[in-house]
Protein chains: 2
Amino acid sequence: MSSSDNDVRTALRSAFAPDALTTDPAQLDSHSVDKGPLEHWQVHTPLAVVFAESVADVQQLVQLSAEHGFPLITRGAGTSVSGGANTTAGSVVLNLTRMNKILAMRPEDEVAVVEPGVINADLNTAAAQHGLMYAPDPASYRTSTIGGNVATNAGGLRCAKYGVTRDSVLALDVVLADGTFIHTGQATFKGVAGYDLTSLFVGSEGTLGIVVGITVRLRHLSQHTETIAAFFDELTTAAQGVLDIGKARVQPAITELLDHRTMLALDEAQGSDLATRGNTLLLIQTDGHGAGIEAEIIREVLRALGATVSDPGSTESERLIELRRHARGDGVVTEVRVGEDVAVPRSRLVDYIRAIQDLAVEHQVQLKVVAHAGDGNLHPTFSVPSSELAPEPEASAGQEPENQQNDDGAPTSAMSRLHAALDGSVRIALEMGGTITGEHGIGTYKLRWLDWEQSPEVIELQRSIKNVFDPDYRFNPGRAIL
Amino acid sequence: MSSSDNDVRTALRSAFAPDALTTDPAQLDSHSVDKGPLEHWQVHTPLAVVFAESVADVQQLVQLSAEHGFPLITRGAGTSVSGGANTTAGSVVLNLTRMNKILAMRPEDEVAVVEPGVINADLNTAAAQHGLMYAPDPASYRTSTIGGNVATNAGGLRCAKYGVTRDSVLALDVVLADGTFIHTGQATFKGVAGYDLTSLFVGSEGTLGIVVGITVRLRHLSQHTETIAAFFDELTTAAQGVLDIGKARVQPAITELLDHRTMLALDEAQGSDLATRGNTLLLIQTDGHGAGIEAEIIREVLRALGATVSDPGSTESERLIELRRHARGDGVVTEVRVGEDVAVPRSRLVDYIRAIQDLAVEHQVQLKVVAHAGDGNLHPTFSVPSSELAPEPEASAGQEPENQQNDDGAPTSAMSRLHAALDGSVRIALEMGGTITGEHGIGTYKLRWLDWEQSPEVIELQRSIKNVFDPDYRFNPGRAIL
């Protein structure tokens, strides 16, 4: 049953106080999209935005959604880079950012319980008072919410050592599509009673239930870290360095690989001279009580490969890690760019980067690459100059033929070239045994690639699971699964 | 549709070669139960045992099961201590131990691919040649299979640092109830494409699909370990030691707590004098490049609490860890005993042990306790002398009234007292925010406690998921979920 837009707004107004509900056009607009690319998406203005302050608010809204049949798009800070929070036609946005309380901090158990709207950095600040940290550290950690992190199973720089969001989530409170409240999982590090519903919700991009409470495991905040910057003449050698560090049985907390174009971009933004000092940069951080010993082993391993390696206590290295954390999304307005998030078995890092460099040349697009090299998760960014787009019809939103090639060999449009490069980069990752998304999620943007990775049987199983939880497809329709 | 037993045997004989199929009574008997307690279970002899050697064998058997309607009980080495491999009426056992090949070992990626019948220790031996390990180390690691470990999401001693089975499983090959073969997950450390079907299968005790291939993440095999034995006068102080090690920001690979009765049992079996040296024993192992530094911090922390702490390089400590690994299940035939597997938030360890010690006194049963103290996972063993059982009708198998108390205050039967203590120990764990099973699974034995932990809504959700995967309940019926 679907009610008219006016009926929905009237029902919402009688259910929620004026300060918990808005239909202000500017607010509706800002809630209609996130940080993801939009070329494959038709933007729809939502009917309203509800700012929930309690589980009861969420349950009431879900019940109205069931009654009136409107889709609910649940949103934290809207930092998804995959279009996971884009709104669909006739939808109401559930904004959870006011549910931002840390409900419990239990340092002896190394556990905390938070509402979904708690900012990742705020949880870390609170945990740090007890010498603890919440390990998953997406680049958006200063703005993104734990609820959003749970929705996408967010990763970050520290994952190779400390795992992704799923590895830090012990239990969840969830509101189901009929308004039922359930609790999944355990407040203990181990627990195997029944099916792992907690892991099923983590990474499901809000399509199975609305997460209203999260019990997380905390980890030790290291009192000792050492940071190493290593400059290499060759990309190949840098990638070999990552493997050699593994062979030396050192597990760094952070292992970031930056290609030459990324180094040039940092130089341009920061006035530094990185690009003059090598072709590829590895940034590595060790932590824990063995941080010093591990760093010394790493420096030896990398020097043996001919790298120029920073000395112990290098403050430049520390600064570079911070730059790397915040490098994403700096405001370049002169190009249209799409950041990828593929992962490959880490022994294939070099093969993969070489292959997409060839792709970039072939399709005449710009490419820069950073990688969480320790776990084979790459963020290549493909771009074309904005100036090339204006006269092209393909630059508009909506459906667009992919991989369009002119038979006569004339230059194809910039957007077609960009998409051909993106499609190719995804294909190659899959051919190498990788995945189309390591940590950003499918969202709406990557949906067209999902059946390149998943078999029809797996897609069908996921639909069946969706049907169990949300048979009317009212929770975040049109994303995460096909 | 259900065929007669003879029809089923005939169909199996025409499908499988004689050496892949047995109806020999001794084999049927040995395949009808596992290592779990049996008082709550009616043993049924299976119709046949099929020894699969390939995915095609498994698919063929599953198709016959669909055609004839017989339940399939899938089994590895049969080391479940929860009755997870007990057979039901009219069932056929699928024995996977012949599917024992390591299909791929990729040291640079720190990944291996194995068939389900590979023994945990064999995978570790193969990985060790490359300086790697498969981290989950259940006490049964020398006999149990990776497939069985996946079914129960097995843990072990190293979990607090390295995680449980789920944290080491990247991807699965699974045969579904209609014979369809699917592949879930990614061969990369990170991956968030679609729902986490991999985690859903892990720990589902074979009730959703038959796992025929497992891609696991390997970890560094430490070249450096240090082992510490610390004797305490008081249990309370030992548990405080566990928390103080956490506060010193050291994450040991192993943190085992042994109570006085466990020390006495070890002394009796080994001729040692542990019990004369303290009331409680903590066995701790550090690893990695910082092992020596971490061990020194731990020794200081524990000495400050008044413990008698072993010196660096103590060979006795190493031997004690080995004893602890293999202590379980030594052949005491003079008592009936049930080992528990609860977990509590680790700050509640002492409260919990105190409470079950009181329970043991109240119900006049014997109790000994070992705990993976780092993650709050306890294995209390409750027992009564076998001599008390003979004249009691409650000692027979099958349904038995629980918690039976005589109104006139006369001594209740030994089994009733044992069950009262077990029930009480589970209640208390749940009251402290814990779980009824940390790493052994529900199996058939703990099914009666599952709705003490899970809400009706969660139970119902699990049934709905079971219906998606196995609507006829042919895969391992009667266990894992209610």
# chains A, B, ... in the order shown; residues from 1 in each chain; ligands from 1
call {"tool": "residues_around", "arguments": {"residues": "Glu294 in chain B", "least_positions_apart": "3", "cutoff": "9 Å", "atoms": "only C-alpha atoms", "output": "list in words"}}
result
His289 and Gly290 of chain A; Glu226, Val250, Gln251, Pro252, Thr286, Asp287, Gly290, Ala291, Ile297, Ile298 and Arg299 of chain B
call {"tool": "select_by_dssp", "arguments": {"residues": "range 237-303 of chain A", "states": "helix (DSSP H, G or I)", "output": "ChimeraX atom specification"}}
result
/A:237-247,260-270,274-276,291-303
call {"tool": "write_last_selection", "arguments": {"atoms": "C-alpha atoms", "output": "mmCIF file, in the first residue's frame"}}
result
data_model
loop_
_atom_site.group_PDB
_atom_site.id
_atom_site.type_symbol
_atom_site.label_atom_id
_atom_site.label_comp_id
_atom_site.auth_asym_id
_atom_site.auth_seq_id
_atom_site.Cartn_x
_atom_site.Cartn_y
_atom_site.Cartn_z
ATOM 1 C CA THR A 237 60.581 -2.826 -5.855
ATOM 2 C CA ALA A 238 58.240 -1.040 -3.469
ATOM 3 C CA ALA A 239 55.664 -3.812 -3.835
ATOM 4 C CA GLN A 240 58.403 -6.372 -3.297
ATOM 5 C CA GLY A 241 59.198 -4.499 -0.103
ATOM 6 C CA VAL A 242 55.666 -5.108 1.156
ATOM 7 C CA LEU A 243 56.093 -8.850 0.589
ATOM 8 C CA ASP A 244 59.593 -8.885 2.090
ATOM 9 C CA ILE A 245 58.294 -7.225 5.258
ATOM 10 C CA GLY A 246 55.796 -10.087 5.467
ATOM 11 C CA LYS A 247 58.582 -12.605 4.951
ATOM 12 C CA HIS A 260 54.262 8.952 -8.374
ATOM 13 C CA ARG A 261 51.143 10.849 -9.401
ATOM 14 C CA THR A 262 49.882 10.782 -5.839
ATOM 15 C CA MET A 263 53.257 12.094 -4.690
ATOM 16 C CA LEU A 264 53.012 14.903 -7.278
ATOM 17 C CA ALA A 265 49.493 15.749 -6.073
ATOM 18 C CA LEU A 266 50.700 15.912 -2.459
ATOM 19 C CA ASP A 267 53.621 18.127 -3.517
ATOM 20 C CA GLU A 268 51.273 20.473 -5.321
ATOM 21 C CA ALA A 269 48.942 20.705 -2.337
ATOM 22 C CA GLN A 270 51.677 20.881 0.330
ATOM 23 C CA LEU A 274 58.337 14.040 -2.553
ATOM 24 C CA ALA A 275 58.174 13.406 -6.278
ATOM 25 C CA THR A 276 61.801 14.427 -6.726
ATOM 26 C CA ALA A 291 57.504 -1.242 17.490
ATOM 27 C CA GLY A 292 61.179 -0.245 17.660
ATOM 28 C CA ILE A 293 62.495 -3.727 16.893
ATOM 29 C CA GLU A 294 60.003 -4.151 14.061
ATOM 30 C CA ALA A 295 60.860 -0.767 12.566
ATOM 31 C CA GLU A 296 64.560 -1.623 12.560
ATOM 32 C CA ILE A 297 63.829 -4.907 10.719
ATOM 33 C CA ILE A 298 61.716 -3.042 8.176
ATOM 34 C CA ARG A 299 64.367 -0.416 7.565
ATOM 35 C CA GLU A 300 66.926 -3.155 6.933
ATOM 36 C CA VAL A 301 64.596 -5.049 4.595
ATOM 37 C CA LEU A 302 63.804 -1.940 2.557
ATOM 38 C CA ARG A 303 67.393 -0.679 2.423
#
call {"tool": "residues_around", "arguments": {"residues": "Gly185 in chain B", "least_positions_apart": "5", "cutoff": "12 Å", "atoms": "only C-alpha atoms", "output": "VMD selection string"}}
result
(chain A and resid 433 to 438 453 to 455 458) or (chain B and resid 166 169 to 174 190 to 202 213 to 216)
call {"tool": "residues_around", "arguments": {"residues": "range 36-38 of chain A", "least_positions_apart": "5", "cutoff": "6 Å", "atoms": "only C-alpha atoms", "output": "PyMOL selection string"}}
result
chain A and resi 81-83
call {"tool": "write_last_selection", "arguments": {"atoms": "N, CA, C and O atoms", "output": "mmCIF file, in the first residue's frame"}}
result
data_model
loop_
_atom_site.group_PDB
_atom_site.id
_atom_site.type_symbol
_atom_site.label_atom_id
_atom_site.label_comp_id
_atom_site.auth_asym_id
_atom_site.auth_seq_id
_atom_site.Cartn_x
_atom_site.Cartn_y
_atom_site.Cartn_z
ATOM 1 N N VAL A 81 31.147 6.907 -0.192
ATOM 2 C CA VAL A 81 31.684 7.265 -1.503
ATOM 3 C C VAL A 81 31.160 6.316 -2.574
ATOM 4 O O VAL A 81 31.671 6.297 -3.698
ATOM 5 N N SER A 82 30.151 5.534 -2.241
ATOM 6 C CA SER A 82 29.552 4.599 -3.197
ATOM 7 C C SER A 82 28.084 4.900 -3.460
ATOM 8 O O SER A 82 27.384 4.082 -4.059
ATOM 9 N N GLY A 83 27.597 6.025 -2.982
ATOM 10 C CA GLY A 83 26.186 6.336 -3.184
ATOM 11 C C GLY A 83 25.258 5.531 -2.302
ATOM 12 O O GLY A 83 24.083 5.366 -2.613
#
call {"tool": "residues_around", "arguments": {"residues": "Ala480 in chain B", "least_positions_apart": "3", "cutoff": "7 Å", "atoms": "only C-alpha atoms", "output": "MDAnalysis selection string"}}
result
(chainID A and resid 194) or (chainID B and resid 204:205 442:444 447)
call {"tool": "write_last_selection", "arguments": {"atoms": "N, CA, C and O atoms", "output": "mmCIF file, in the first residue's frame"}}
result
data_model
loop_
_atom_site.group_PDB
_atom_site.id
_atom_site.type_symbol
_atom_site.label_atom_id
_atom_site.label_comp_id
_atom_site.auth_asym_id
_atom_site.auth_seq_id
_atom_site.Cartn_x
_atom_site.Cartn_y
_atom_site.Cartn_z
ATOM 1 N N GLY A 194 23.996 -19.862 17.794
ATOM 2 C CA GLY A 194 23.131 -19.548 16.653
ATOM 3 C C GLY A 194 23.876 -18.927 15.488
ATOM 4 O O GLY A 194 25.104 -18.807 15.486
ATOM 5 N N SER B 204 27.483 -22.152 11.596
ATOM 6 C CA SER B 204 26.086 -22.580 11.434
ATOM 7 C C SER B 204 25.947 -24.095 11.578
ATOM 8 O O SER B 204 24.871 -24.655 11.369
ATOM 9 N N GLU B 205 27.018 -24.751 11.974
ATOM 10 C CA GLU B 205 27.014 -26.176 12.314
ATOM 11 C C GLU B 205 26.423 -27.047 11.205
ATOM 12 O O GLU B 205 25.696 -28.004 11.462
ATOM 13 N N ILE B 442 26.419 -24.927 19.736
ATOM 14 C CA ILE B 442 25.207 -25.383 20.416
ATOM 15 C C ILE B 442 25.070 -26.899 20.278
ATOM 16 O O ILE B 442 24.761 -27.603 21.244
ATOM 17 N N GLY B 443 25.347 -27.396 19.072
ATOM 18 C CA GLY B 443 25.188 -28.832 18.825
ATOM 19 C C GLY B 443 23.790 -29.298 19.194
ATOM 20 O O GLY B 443 22.805 -28.556 19.011
ATOM 21 N N THR B 444 23.718 -30.526 19.698
ATOM 22 C CA THR B 444 22.426 -31.007 20.198
ATOM 23 C C THR B 444 22.330 -30.797 21.700
ATOM 24 O O THR B 444 21.247 -30.608 22.232
ATOM 25 N N LEU B 447 21.066 -27.208 23.090
ATOM 26 C CA LEU B 447 19.853 -26.665 22.473
ATOM 27 C C LEU B 447 18.832 -26.228 23.514
ATOM 28 O O LEU B 447 18.126 -25.230 23.330
#
call {"tool": "atom_distance", "arguments": {"atom1": "CA of Ala48 in chain B", "atom2": "CA of Arg9 in chain B"}}
result
7.1 Å
call {"tool": "closest_residue", "arguments": {"among": "B:Gln364, B:Thr180, B:Thr225, B:Ser425", "to": "chain A", "atoms": "only C-alpha atoms"}}
result
B:Thr180
